[in-house]
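Visitor: For reference, the file start_3.txt (compact mmCIF, C-alpha atoms) is included below:
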```
# COMPACT_ATOMS: atom_id res chain seq x y z
CA MET A 18 -2.90 -14.45 -50.14
CA LEU A 19 -4.88 -11.23 -49.76
CA CYS A 20 -6.22 -12.38 -46.36
CA TYR A 21 -2.68 -13.09 -45.22
CA ARG A 22 -1.53 -9.59 -46.20
CA LEU A 23 -4.46 -8.01 -44.37
CA ALA A 24 -3.67 -10.04 -41.25
CA VAL A 25 -0.13 -8.71 -41.29
CA LEU A 26 -1.09 -5.08 -41.94
CA LEU A 27 -4.06 -4.70 -39.60
CA PRO A 28 -3.62 -4.50 -35.81
CA ALA A 29 -5.15 -7.23 -33.66
CA ALA A 30 -7.77 -4.80 -32.35
CA ALA A 31 -9.16 -4.46 -35.87
CA PHE A 32 -10.42 -8.05 -35.82
CA PRO A 33 -13.65 -9.00 -34.06
CA CYS A 34 -13.09 -10.35 -30.55
CA ARG A 35 -15.12 -12.68 -28.41
CA THR A 36 -17.35 -10.90 -25.94
CA PRO A 37 -18.13 -12.60 -22.62
CA HIS A 38 -21.19 -14.84 -22.43
CA PRO A 39 -23.83 -14.62 -19.70
CA GLN A 40 -23.06 -16.80 -16.71
CA ARG A 41 -25.28 -19.88 -16.86
CA PRO A 42 -26.63 -20.60 -13.36
CA ASP A 43 -26.55 -23.98 -11.65
CA ASN A 44 -27.50 -25.21 -8.17
CA THR A 45 -24.34 -23.64 -6.69
CA THR A 46 -24.74 -20.15 -8.17
CA ALA A 47 -26.62 -18.62 -5.25
CA SER A 48 -24.19 -19.82 -2.59
CA LYS A 49 -21.20 -18.61 -4.64
CA LEU A 50 -22.65 -15.10 -4.91
CA LEU A 51 -23.30 -14.63 -1.19
CA GLY A 52 -21.01 -12.41 0.85
CA THR A 53 -18.92 -9.34 0.09
CA TRP A 54 -17.59 -8.28 -3.30
CA LEU A 55 -15.11 -5.40 -3.47
CA TYR A 56 -15.43 -2.83 -6.26
CA VAL A 57 -12.37 -2.96 -8.52
CA ALA A 58 -13.18 -1.08 -11.71
CA GLY A 59 -15.86 0.15 -14.06
CA ALA A 60 -16.17 1.04 -17.72
CA ALA A 61 -18.90 3.27 -19.13
CA GLN A 62 -19.84 5.00 -22.36
CA PHE A 63 -22.64 7.06 -20.79
CA PRO A 64 -21.03 10.35 -19.63
CA ARG A 65 -22.89 10.52 -16.30
CA HIS A 66 -21.92 6.96 -15.37
CA LEU A 67 -18.30 7.64 -16.31
CA LEU A 68 -18.26 10.74 -14.09
CA GLU A 69 -19.71 8.74 -11.18
CA MET A 70 -16.96 6.13 -11.60
CA LEU A 71 -14.31 8.86 -11.51
CA LEU A 72 -15.68 10.10 -8.18
CA ILE A 73 -15.76 6.69 -6.43
CA ASP A 74 -12.83 6.01 -4.14
CA HIS A 75 -13.86 2.53 -3.00
CA GLY A 76 -16.95 0.44 -2.44
CA HIS A 77 -18.46 -3.00 -2.20
CA LEU A 78 -21.55 -5.13 -2.70
CA HIS A 79 -22.89 -7.30 0.09
CA VAL A 80 -25.12 -10.13 -1.13
CA GLU A 81 -27.57 -11.86 1.23
CA PRO A 82 -30.11 -14.66 0.82
CA HIS A 83 -33.81 -13.96 0.35
CA ALA A 84 -36.95 -15.93 1.12
CA SER A 85 -37.16 -16.68 -2.59
CA GLU A 86 -34.39 -19.05 -3.67
CA ARG A 87 -34.24 -17.24 -7.00
CA GLU A 88 -33.50 -13.82 -5.50
CA LEU A 89 -30.50 -12.47 -3.58
CA LEU A 90 -30.63 -9.10 -1.84
CA ILE A 91 -27.85 -6.58 -2.55
CA THR A 92 -26.57 -3.74 -0.40
CA GLN A 93 -24.17 -1.46 -2.26
CA ARG A 94 -21.88 1.01 -0.48
CA VAL A 95 -19.49 3.45 -2.16
CA ALA A 96 -17.24 6.17 -0.75
CA VAL A 97 -17.23 9.47 -2.61
CA GLY A 98 -14.88 11.90 -0.91
CA ASP A 99 -15.81 11.90 2.78
CA GLN A 100 -19.33 10.65 2.11
CA CYS A 101 -20.61 7.09 2.19
CA LEU A 102 -23.53 6.33 -0.14
CA THR A 103 -25.73 3.28 0.39
CA ASN A 104 -28.15 1.66 -2.03
CA ASN A 105 -30.29 -1.39 -1.24
CA SER A 106 -32.77 -1.07 -4.10
CA THR A 107 -31.40 -3.89 -6.27
CA TYR A 108 -31.22 -7.67 -6.16
CA PHE A 109 -29.88 -10.60 -8.18
CA GLU A 110 -32.50 -12.69 -9.96
CA ILE A 111 -31.34 -16.20 -10.83
CA ALA A 112 -33.14 -17.61 -13.86
CA THR A 113 -32.59 -20.74 -15.89
CA SER A 114 -30.45 -19.09 -18.58
CA ASN A 115 -28.75 -16.24 -16.72
CA THR A 116 -28.42 -14.16 -13.56
CA THR A 117 -29.54 -10.54 -13.78
CA LEU A 118 -29.34 -7.44 -11.62
CA VAL A 119 -32.86 -6.05 -11.11
CA LYS A 120 -34.11 -2.78 -9.63
CA HIS A 121 -36.85 -2.74 -7.02
CA ALA A 122 -39.48 -0.97 -9.10
CA LYS A 123 -42.93 -1.57 -10.52
CA THR A 124 -41.37 -2.20 -13.89
CA GLN A 125 -38.80 -4.67 -12.41
CA GLN A 126 -36.20 -3.10 -14.69
CA THR A 127 -33.22 -5.30 -15.52
CA VAL A 128 -30.07 -3.22 -15.15
CA GLY A 129 -27.30 -5.77 -15.65
CA THR A 130 -26.32 -9.35 -16.44
CA LEU A 131 -23.63 -11.50 -14.82
CA MET A 132 -21.01 -12.52 -17.37
CA ASN A 133 -18.50 -15.36 -17.44
CA LEU A 134 -14.93 -14.74 -16.34
CA SER A 135 -11.99 -17.08 -15.84
CA SER A 136 -12.17 -16.94 -12.02
CA GLU A 137 -15.01 -17.55 -9.55
CA ASP A 138 -13.46 -14.87 -7.33
CA LEU A 139 -14.40 -12.20 -9.87
CA LEU A 140 -17.81 -10.75 -10.61
CA LEU A 141 -18.41 -9.07 -13.97
CA ILE A 142 -21.70 -7.21 -14.48
CA GLN A 143 -22.52 -6.00 -17.99
CA TYR A 144 -25.28 -3.50 -18.64
CA GLN A 145 -26.82 -1.52 -21.48
CA LEU A 146 -28.57 1.82 -21.12
CA GLN A 147 -31.10 3.05 -23.66
CA ARG A 148 -31.10 6.82 -24.20
CA ASP A 149 -30.58 8.58 -27.53
CA ARG A 150 -28.61 5.43 -28.37
CA THR A 151 -27.48 2.26 -26.61
CA TYR A 152 -24.68 2.80 -24.07
CA SER A 153 -22.66 -0.15 -22.79
CA GLY A 154 -20.90 -0.54 -19.48
CA LEU A 155 -19.17 -3.02 -17.17
CA TYR A 156 -18.55 -3.31 -13.43
CA LEU A 157 -15.81 -5.54 -12.00
CA TYR A 158 -15.91 -6.81 -8.41
CA ALA A 159 -13.62 -9.28 -6.62
CA ARG A 160 -13.51 -11.26 -3.40
CA ASN A 161 -10.27 -9.49 -2.46
CA LEU A 162 -8.07 -6.76 -3.87
CA SER A 163 -5.30 -9.07 -5.07
CA VAL A 164 -6.49 -8.92 -8.66
CA SER A 165 -3.82 -10.19 -11.02
CA THR A 166 -2.58 -8.31 -14.06
CA ALA A 167 -3.98 -11.12 -16.22
CA HIS A 168 -7.47 -10.63 -14.77
CA GLN A 169 -7.24 -6.87 -15.25
CA GLU A 170 -6.30 -7.44 -18.87
CA GLU A 171 -9.21 -9.86 -19.24
CA PHE A 172 -11.59 -7.17 -17.95
CA GLU A 173 -10.09 -4.53 -20.27
CA HIS A 174 -10.33 -6.93 -23.21
CA HIS A 175 -14.06 -7.47 -22.57
CA ALA A 176 -14.57 -3.71 -22.26
CA LYS A 177 -12.89 -3.03 -25.58
CA CYS A 178 -14.88 -5.81 -27.25
CA LEU A 179 -18.03 -3.91 -26.21
CA GLY A 180 -16.71 -0.78 -27.90
CA LEU A 181 -15.41 0.95 -24.76
CA SER A 182 -12.20 2.94 -25.09
CA GLU A 183 -9.23 2.94 -22.72
CA GLU A 184 -10.30 6.40 -21.48
CA GLU A 185 -13.68 4.93 -20.44
CA ILE A 186 -12.10 2.33 -18.10
CA VAL A 187 -11.65 3.53 -14.50
CA TYR A 188 -10.02 1.68 -11.59
CA ALA A 189 -11.07 2.52 -8.04
CA PRO A 190 -8.03 4.03 -6.25
CA TRP A 191 -8.99 2.90 -2.70
CA LYS A 192 -7.21 5.93 -1.19
CA THR A 193 -9.51 7.25 1.56
CA GLN A 194 -9.81 3.86 3.25
CA ARG A 195 -6.07 4.00 3.88
CA ARG A 196 -6.79 6.76 6.34
CA ALA A 197 -10.17 6.34 8.01
CA ALA A 198 -13.06 5.34 5.80
CA PRO A 199 -16.60 5.75 7.16
CA ARG A 200 -17.54 2.65 9.13
CA SER A 201 -20.50 1.85 6.91
CA CYS A 202 -18.32 1.91 3.77
CA SER A 203 -15.75 -0.53 5.12
CA LYS A 204 -15.71 -4.11 3.97
CA GLY A 205 -18.29 -6.00 5.96
CA GLN A 206 -18.78 -2.90 8.15
CA GLN A 207 -15.65 -3.76 10.10
CA GLY A 208 -14.38 -0.21 10.46
CA PRO A 209 -11.20 1.29 8.99
CA VAL A 210 -8.56 -1.02 7.60
CA PRO A 211 -5.72 -1.44 10.12
CA ARG A 212 -2.68 0.68 9.52
CA GLY A 213 -0.10 -1.20 7.50
CA ALA A 214 -2.63 -3.47 5.81
CA ALA A 215 -1.88 -4.38 2.22
CA ARG A 216 -3.33 -2.10 -0.45
CA PRO A 217 -4.22 -2.92 -4.05
CA ARG A 218 -1.82 -1.86 -6.74
CA PHE A 219 -4.13 -1.41 -9.70
CA ARG A 220 -2.93 0.18 -12.87
CA ARG A 221 -4.68 3.50 -13.41
CA SER A 222 -6.27 4.17 -16.76
CA HIS A 223 -5.96 7.53 -18.49
CA GLY A 224 -9.59 8.20 -17.56
CA ASN A 225 -8.95 8.07 -13.84
CA LEU A 226 -8.43 11.00 -11.54
CA ASN A 227 -4.93 12.19 -10.76
CA PRO A 228 -3.70 11.50 -7.23
```
Hey, can you dump this file as structure tokens for me?

Guide:
Amino acid sequence: MLCYRLAVLLPAAAFPCRTPHPQRPDNTTASKLLGTWLYVAGAAQFPRHLLEMLLIDHGHLHVEPHASERELLITQRVAVGDQCLTNNSTYFEIATSNTTLVKHAKTQQTVGTLMNLSSEDLLLIQYQLQRDRTYSGLYLYARNLSVSTAHQEEFEHHAKCLGLSEEEIVYAPWKTQRRAAPRSCSKGQQGPVPRGAARPRFRRSHGNLNP
């Protein structure tokens, strides 16, 4: 009887929720990861990472095969204001139990893990950063910008299960590419999106920048 009363009185968020599990690779994992993934949103507890997310207008990952079947090369491009920033210092490492994002460094530092989501057209990367304490974060990518409300809510649910607040969830506005994004920051390096092309209609969290 006491448990029933508590269930009525406490909000749903007060109960433990199921966090996403690492994506378990199979013989199709590598081929499914190849190609372009558009940056949709991020969530971060670490203040510097949160600030970086607030500054990003749009971006993408381009994943290519490598000589090693267990590694996939990544080129990341993000637009910050009128600048295009490129990073090709990371790669996916496909192991038996999971797929991780690894930095090119002597320490081979693991910086993220691919997590399960309900759609193969979504890519969820979870990471933890060790500083004075452990900071959690998530990055959401998609094959296209037609991300449903249900999938956005799934992402936000996972973020909150990791202890991230609504103010720490930031959706990329994709504003500058409406005009004339730098060629190297465009999807697949195809130049600016044609005028009149469809634009994403993401809900903006309280943590995002004002238009």

Visitor: Residues within 7 Å of Pro190 (chain A), please, as an mmCIF file with C-alpha atoms, in the frame of the given file. Count all atoms listed in the file; anything in the same chain fewer than 2 positions from it doesn't count.

Guide:
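After the write, around.cif holds the following:
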```
data_model
loop_
_atom_site.group_PDB
_atom_site.id
_atom_site.type_symbol
_atom_site.label_atom_id
_atom_site.label_comp_id
_atom_site.auth_asym_id
_atom_site.auth_seq_id
_atom_site.Cartn_x
_atom_site.Cartn_y
_atom_site.Cartn_z
ATOM 1 C CA ASP A 74 -12.830 6.010 -4.140
ATOM 2 C CA HIS A 75 -13.860 2.530 -3.000
ATOM 3 C CA TYR A 188 -10.020 1.680 -11.590
ATOM 4 C CA LYS A 192 -7.210 5.930 -1.190
#
```

Visitor: So, with all atoms listed in the file as the atoms that count, which of A:Ala189, A:Cys101, A:Leu139, A:Leu181 lies closest to Ser165 (chain A)?

Guide: A:Leu139

Visitor: Give as a ChimeraX atom specification the set of residues within 12 Å of the point (-12.2, -3.8, -26.3), where distances use the file's coordinates and only C-alpha atoms.

Guide: /A:29-37,60,153-155,170-186

Visitor: Could you state the separation of CA of Leu90 (chain A) and CA of Tyr108 (chain A) in Å, given to one decimal place?

Guide: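 Straight-line distance from CA of Leu90 (chain A) to CA of Tyr108 (chain A) works out to 4.6 Å.
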
Visitor: What's the separation between CA of Glu69 (chain A) and CA of Leu141 (chain A), in Å to one decimal place?

Guide: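 Going from CA of Glu69 (chain A) over to CA of Leu141 (chain A) covers 18.1 Å.
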
Visitor: Which polymer residues, whether protein, DNA or RNA, lie within 9 Å of the coordinate (-16.9, 9.8, 0.3) when you count only C-alpha atoms? List them as a list in words, using the chain letters and numbers from the file.

Guide: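 Applying the cut-off with only C-alpha atoms, one gets Leu72, Ile73, Asp74, His75, Val95, Ala96, Val97, Gly98, Asp99, Gln100, Cys101, Leu102, Thr193, Ala198, Pro199 and Cys202 of chain A.
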
Visitor: Next, dump the selected residues to file, keeping only C-alpha atoms, as a short mmCIF file (atom, residue, chain, number, x, y, z; two decimals), keeping the file's coordinate frame.

Guide:
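Result file follows (out-v8.cif):
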```
data_model
loop_
_atom_site.label_atom_id
_atom_site.label_comp_id
_atom_site.auth_asym_id
_atom_site.auth_seq_id
_atom_site.Cartn_x
_atom_site.Cartn_y
_atom_site.Cartn_z
CA LEU A 72 -15.68 10.10 -8.18
CA ILE A 73 -15.76 6.69 -6.43
CA ASP A 74 -12.83 6.01 -4.14
CA HIS A 75 -13.86 2.53 -3.00
CA VAL A 95 -19.49 3.45 -2.16
CA ALA A 96 -17.24 6.17 -0.75
CA VAL A 97 -17.23 9.47 -2.61
CA GLY A 98 -14.88 11.90 -0.91
CA ASP A 99 -15.81 11.90 2.78
CA GLN A 100 -19.33 10.65 2.11
CA CYS A 101 -20.61 7.09 2.19
CA LEU A 102 -23.53 6.33 -0.14
CA THR A 193 -9.51 7.25 1.56
CA ALA A 198 -13.06 5.34 5.80
CA PRO A 199 -16.60 5.75 7.16
CA CYS A 202 -18.32 1.91 3.77
#
```

Visitor: At a cut-off of 10 Å, using all atoms listed in the file, what residues contact Leu50 (chain A)? Leave out same-chain residues fewer than 5 positions from it and give the result as a PyMOL selection string.

Guide: chain A and resi 45+79-82+89+109+137-138+140

Visitor: What's the separation between CA of Ser114 (chain A) and CA of Ser136 (chain A), in Å to one decimal place?

Guide: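 Here the two named atoms are 19.5 Å from each other.
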
Visitor: In terms of the shortest atom-to-atom distance over only C-alpha atoms, which of A:Leu157, A:Ala167, A:Ala61, A:Met70 is closest to Gln145 (chain A)?

Guide: A:Ala61

Visitor: Which of these residues is nearest to Gln147 (chain A), using only C-alpha atoms: A:Gln93, A:Thr53, A:Gln62, A:Gln169?

Guide: A:Gln62

Visitor: Could you give me, as an MDAnalysis selection string, the residues within 12 Å of Leu146 (chain A), counting only C-alpha atoms and dropping anything in the same chain fewer than 2 positions from it?

Guide: chainID A and resid 61:66 126:129 143:144 148:155
